[in-house]
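Data from target_36.txt: compact mmCIF, C-alpha atoms
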```txt
# COMPACT_ATOMS: atom_id res chain seq x y z
CA MET E 693 142.57 274.88 44.40
CA PHE E 694 139.24 276.63 43.93
CA THR E 695 137.50 278.29 46.91
CA LEU E 696 133.78 278.92 47.01
CA SER E 697 132.10 281.49 49.21
CA GLY E 698 128.70 283.11 49.41
CA CYS E 699 126.67 283.11 46.22
CA SER E 700 129.04 281.87 43.55
CA ASP E 701 129.03 281.30 39.81
CA SER E 702 129.10 277.57 40.49
CA GLU E 703 125.66 277.55 42.16
CA VAL E 704 123.11 275.79 39.95
CA GLY E 705 120.32 275.18 42.46
CA ASP E 706 118.76 276.74 45.54
CA VAL E 707 115.91 274.89 47.27
CA SER E 708 114.10 276.39 50.27
CA LEU E 709 113.40 273.98 53.11
CA GLY E 710 110.12 275.69 53.88
CA LEU E 711 108.34 278.89 54.69
CA PHE E 712 109.24 278.87 58.41
CA THR E 713 112.97 278.16 58.09
CA THR E 714 116.00 280.17 57.02
CA LYS E 715 117.79 277.08 55.73
CA ASP E 716 118.23 276.26 52.04
CA ILE E 717 119.79 273.41 50.09
CA LYS E 718 122.45 274.87 47.80
CA ILE E 719 123.70 272.88 44.82
CA ASP E 720 127.06 273.70 43.24
CA ALA E 721 128.40 272.33 39.94
CA LEU E 722 132.18 272.10 40.11
CA GLN E 723 134.47 271.13 37.24
CA ASP E 724 137.69 269.41 38.28
CA PRO E 725 140.40 272.02 37.58
CA VAL E 726 142.87 269.43 36.21
CA VAL E 727 140.69 266.54 35.03
CA THR E 728 138.35 268.92 33.25
CA GLY E 729 136.21 266.11 31.88
CA VAL E 730 134.74 265.56 35.36
CA THR E 731 131.95 267.63 36.92
CA CYS E 732 130.82 267.17 40.52
CA HIS E 733 127.49 268.33 41.91
CA ILE E 734 127.57 268.98 45.65
CA SER E 735 124.51 269.73 47.75
CA SER E 736 124.78 271.23 51.22
CA ILE E 737 122.62 273.11 53.70
CA GLU E 738 123.08 276.85 54.11
CA ALA E 739 121.63 278.42 57.25
CA ASN E 740 121.21 282.08 56.34
CA LEU E 741 120.98 283.52 59.87
CA ASP E 742 123.32 281.12 61.72
CA LEU E 743 127.04 281.48 62.36
CA SER E 744 127.63 277.92 61.17
CA ASP E 745 126.05 275.81 58.43
CA PRO E 746 125.25 272.12 59.02
CA SER E 747 128.07 269.75 58.03
CA ASP E 748 125.97 267.37 55.91
CA SER E 749 126.64 267.25 52.19
CA SER E 750 126.06 264.96 49.24
CA ILE E 751 128.14 264.56 46.09
CA ALA E 752 127.72 263.04 42.63
CA CYS E 753 130.54 263.21 40.06
CA ARG E 754 130.30 262.19 36.41
CA GLN E 755 132.37 262.27 33.27
CA THR E 756 131.12 265.26 31.27
CA GLY E 757 133.96 265.55 28.75
CA PRO E 758 137.18 263.91 27.60
CA ILE E 759 139.61 262.56 30.21
CA THR E 760 143.12 262.16 28.82
CA ALA E 761 146.32 260.47 29.96
CA GLU E 762 147.94 263.92 30.16
CA MET E 763 145.32 265.00 32.70
CA LEU E 764 146.05 261.94 34.84
CA GLU E 765 149.78 262.63 34.66
CA ALA E 766 149.16 266.07 36.20
CA ILE E 767 147.26 264.91 39.33
CA ASP E 768 148.53 264.03 42.80
CA LYS E 769 148.61 260.22 43.01
CA SER E 770 149.38 259.95 46.74
CA ASP E 771 147.03 257.96 48.98
CA SER E 772 145.51 261.17 50.36
CA GLY E 773 145.13 262.81 46.93
CA GLU E 774 144.61 266.56 46.83
CA VAL E 775 142.02 269.12 47.86
CA ILE E 776 140.55 270.68 44.71
CA PHE E 777 137.73 272.79 46.22
CA LYS E 778 136.98 274.38 49.58
CA LYS E 779 133.88 276.19 50.85
CA SER E 780 133.57 277.99 54.19
CA LYS E 781 130.70 276.66 56.31
CA SER E 782 131.23 278.73 59.47
CA VAL E 783 132.86 281.80 60.95
CA PHE E 784 134.56 279.28 63.27
CA PHE E 785 136.91 277.73 60.67
CA LYS E 786 134.64 274.90 59.54
CA ASN E 787 135.07 274.09 55.86
CA MET E 788 133.61 271.68 53.37
CA LYS E 789 136.36 270.29 51.16
CA LEU E 790 136.40 268.25 47.98
CA ARG E 791 139.38 265.94 47.56
CA ARG E 792 140.38 263.93 44.45
CA ILE E 793 142.07 260.55 44.99
CA TYR E 794 143.25 258.23 42.22
CA ASP E 795 142.74 254.46 42.60
CA ALA E 796 145.33 253.10 40.18
CA ASP E 797 144.31 249.44 40.63
CA SER E 798 140.74 250.02 39.41
CA LYS E 799 141.62 253.05 37.25
CA THR E 800 139.02 255.16 39.03
CA LEU E 801 138.93 258.75 40.26
CA ILE E 802 137.47 259.09 43.76
CA TYR E 803 135.92 262.37 44.90
CA LEU E 804 135.43 262.82 48.65
CA SER E 805 133.38 265.70 50.09
CA TYR E 806 133.88 266.20 53.83
CA SER E 807 133.54 268.60 56.74
CA THR E 808 136.64 269.69 58.66
CA LYS E 809 134.85 269.87 62.03
CA GLU E 810 133.46 266.99 64.06
CA THR E 811 129.66 267.11 64.40
CA SER E 812 127.76 264.85 66.83
CA GLY E 813 130.81 262.60 67.16
CA SER E 814 131.33 262.24 63.42
CA TYR E 815 133.06 263.92 60.51
CA LYS E 816 130.38 264.18 57.84
CA HIS E 817 131.44 262.98 54.41
CA SER E 818 130.16 261.76 51.06
CA LEU E 819 131.86 259.85 48.23
CA SER E 820 131.51 259.57 44.46
CA THR E 821 133.63 257.79 41.85
CA VAL E 822 134.35 258.24 38.16
CA PRO E 823 135.65 255.08 36.45
CA LEU E 824 138.10 255.70 33.61
CA TRP E 825 136.90 252.72 31.57
CA GLU E 826 136.38 253.68 27.89
CA THR E 827 138.14 257.06 28.35
CA LEU E 828 141.24 258.20 26.46
CA ALA E 829 143.19 257.89 29.73
CA PHE E 830 142.24 254.21 30.03
CA LYS E 831 142.91 253.38 26.38
CA ASN E 832 146.20 255.34 26.17
CA PRO E 833 147.79 255.27 29.64
CA ALA E 834 150.66 257.70 30.09
```
As structure tokens, what does this structure read like?
Amino acid sequence: MFTLSGCSDSEVGDVSLGLFTTKDIKIDALQDPVVTGVTCHISSIEANLDLSDPSDSSIACRQTGPITAEMLEAIDKSDSGEVIFKKSKSVFFKNMKLRRIYDADSKTLIYLSYSTKETSGSYKHSLSTVPLWETLAFKNPA
């Protein structure tokens, strides 16, 4: 599992929310550590002077390289999948996590970004999928 903190090598964008705010939208590009042909871009708010960042995030994952049957063999295929990235969002143990889940029926990788603390009665989350159609993993299942 890969952990992100502070200003990291994975940050590809930083957008200020205005002159009179200390909040920025940070965009990280994260390559799946096992299915290396998938890259996810996650945007989240960073509040520079607060003890806790907002829980909202957005995710988009795409195939950016080969995906092989061997890669699929190496992933957790349980219903809950596995956490592949984690980023601290608070000094009070709030994290943003990225989890990979495999949908065997549709041959699709599901990437779920979510907050580990309830905010306003809800756990904030965002979802993206990468279909394996036309990949080496789809054509040559292991």
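Atom CA of E:Ala829 lies 21.0 Å from atom CA of E:Ser772.
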*Pick from E:Lys718, E:Lys778, E:Lys799, E:Lys831: nearest to E:Ser750, with only C-alpha atoms counted?*
E:Lys718
_Close residues, E:Glu738 itself excluded, 7 Å, all atoms listed in the file, min 4 positions apart in chain, as a ChimeraX atom specification_ = /E:715-718,745
*Can you work out the spacing between atom CA of E:Pro823 and atom CA of E:Val704 in Å, to one decimal?*
24.5 Å
*With only C-alpha atoms as the basis for distance, which of E:Ser702, E:Thr731, E:Ser807, E:Ser770 is at the shortest distance from E:Ser820?*
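Result for the nearest residue to E:Ser820: E:Thr731.
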*Taking only C-alpha atoms into account, which of E:Ser805, E:Met763, E:Lys779, E:Gly773 comes nearest E:Phe830?*
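Of E:Ser805, E:Met763, E:Lys779, E:Gly773, the one nearest E:Phe830, counting only C-alpha atoms, is E:Met763.
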*Up to 8 Å from (139.2, 270.2, 52.5) in the file's coordinates: name the residues, counting only C-alpha atoms, as a list of chain:residue names.*
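Every polymer residue passing the test: E:Val775, E:Ile776, E:Phe777, E:Lys778, E:Asn787, E:Met788, E:Lys789, E:Leu790, E:Arg791, E:Ser805, E:Tyr806, E:Ser807, E:Thr808.
In terms of minimum interatomic distance to E:Leu804, E:Ile751 ranks closest within E:Leu764, E:Val730, E:Asp771, E:Ile751, counting all atoms listed in the file.
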*Skip E:Val727 itself and residues of its chain fewer than 3 positions away, then list as a VMD selection string all residues within 12 Å of it, counting only C-alpha atoms.*
chain E and resid 722 to 724 730 to 732 753 to 768 776 792 to 794 801 to 803 822 824 827 to 829
Include C-alpha atoms and write out the residues we just selected as a compact mmCIF listing (two decimals), in the coordinates of the input.
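Here's the written file selection_33.txt:
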```
# COMPACT_ATOMS: atom_id res chain seq x y z
CA LEU E 722 132.18 272.10 40.11
CA GLN E 723 134.47 271.13 37.24
CA ASP E 724 137.69 269.41 38.28
CA VAL E 730 134.74 265.56 35.36
CA THR E 731 131.95 267.63 36.92
CA CYS E 732 130.82 267.17 40.52
CA CYS E 753 130.54 263.21 40.06
CA ARG E 754 130.30 262.19 36.41
CA GLN E 755 132.37 262.27 33.27
CA THR E 756 131.12 265.26 31.27
CA GLY E 757 133.96 265.55 28.75
CA PRO E 758 137.18 263.91 27.60
CA ILE E 759 139.61 262.56 30.21
CA THR E 760 143.12 262.16 28.82
CA ALA E 761 146.32 260.47 29.96
CA GLU E 762 147.94 263.92 30.16
CA MET E 763 145.32 265.00 32.70
CA LEU E 764 146.05 261.94 34.84
CA GLU E 765 149.78 262.63 34.66
CA ALA E 766 149.16 266.07 36.20
CA ILE E 767 147.26 264.91 39.33
CA ASP E 768 148.53 264.03 42.80
CA ILE E 776 140.55 270.68 44.71
CA ARG E 792 140.38 263.93 44.45
CA ILE E 793 142.07 260.55 44.99
CA TYR E 794 143.25 258.23 42.22
CA LEU E 801 138.93 258.75 40.26
CA ILE E 802 137.47 259.09 43.76
CA TYR E 803 135.92 262.37 44.90
CA VAL E 822 134.35 258.24 38.16
CA LEU E 824 138.10 255.70 33.61
CA THR E 827 138.14 257.06 28.35
CA LEU E 828 141.24 258.20 26.46
CA ALA E 829 143.19 257.89 29.73
```
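Between atom CA of E:Ser818 and atom CA of E:Thr800 lies a distance of 16.3 Å.
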*Which one of E:Ser708, E:Trp825, E:Asp701, E:Leu819 sits closest to E:Asp720 if you count all atoms listed in the file?*
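Looking at the shortest contact to E:Asp720, the residue is E:Asp701.
Among E:Ala796, E:Ile737, E:Gly705, E:Asp748, the residue with the shortest atom-to-atom distance to E:Ile719, counting all atoms listed in the file, is E:Gly705.
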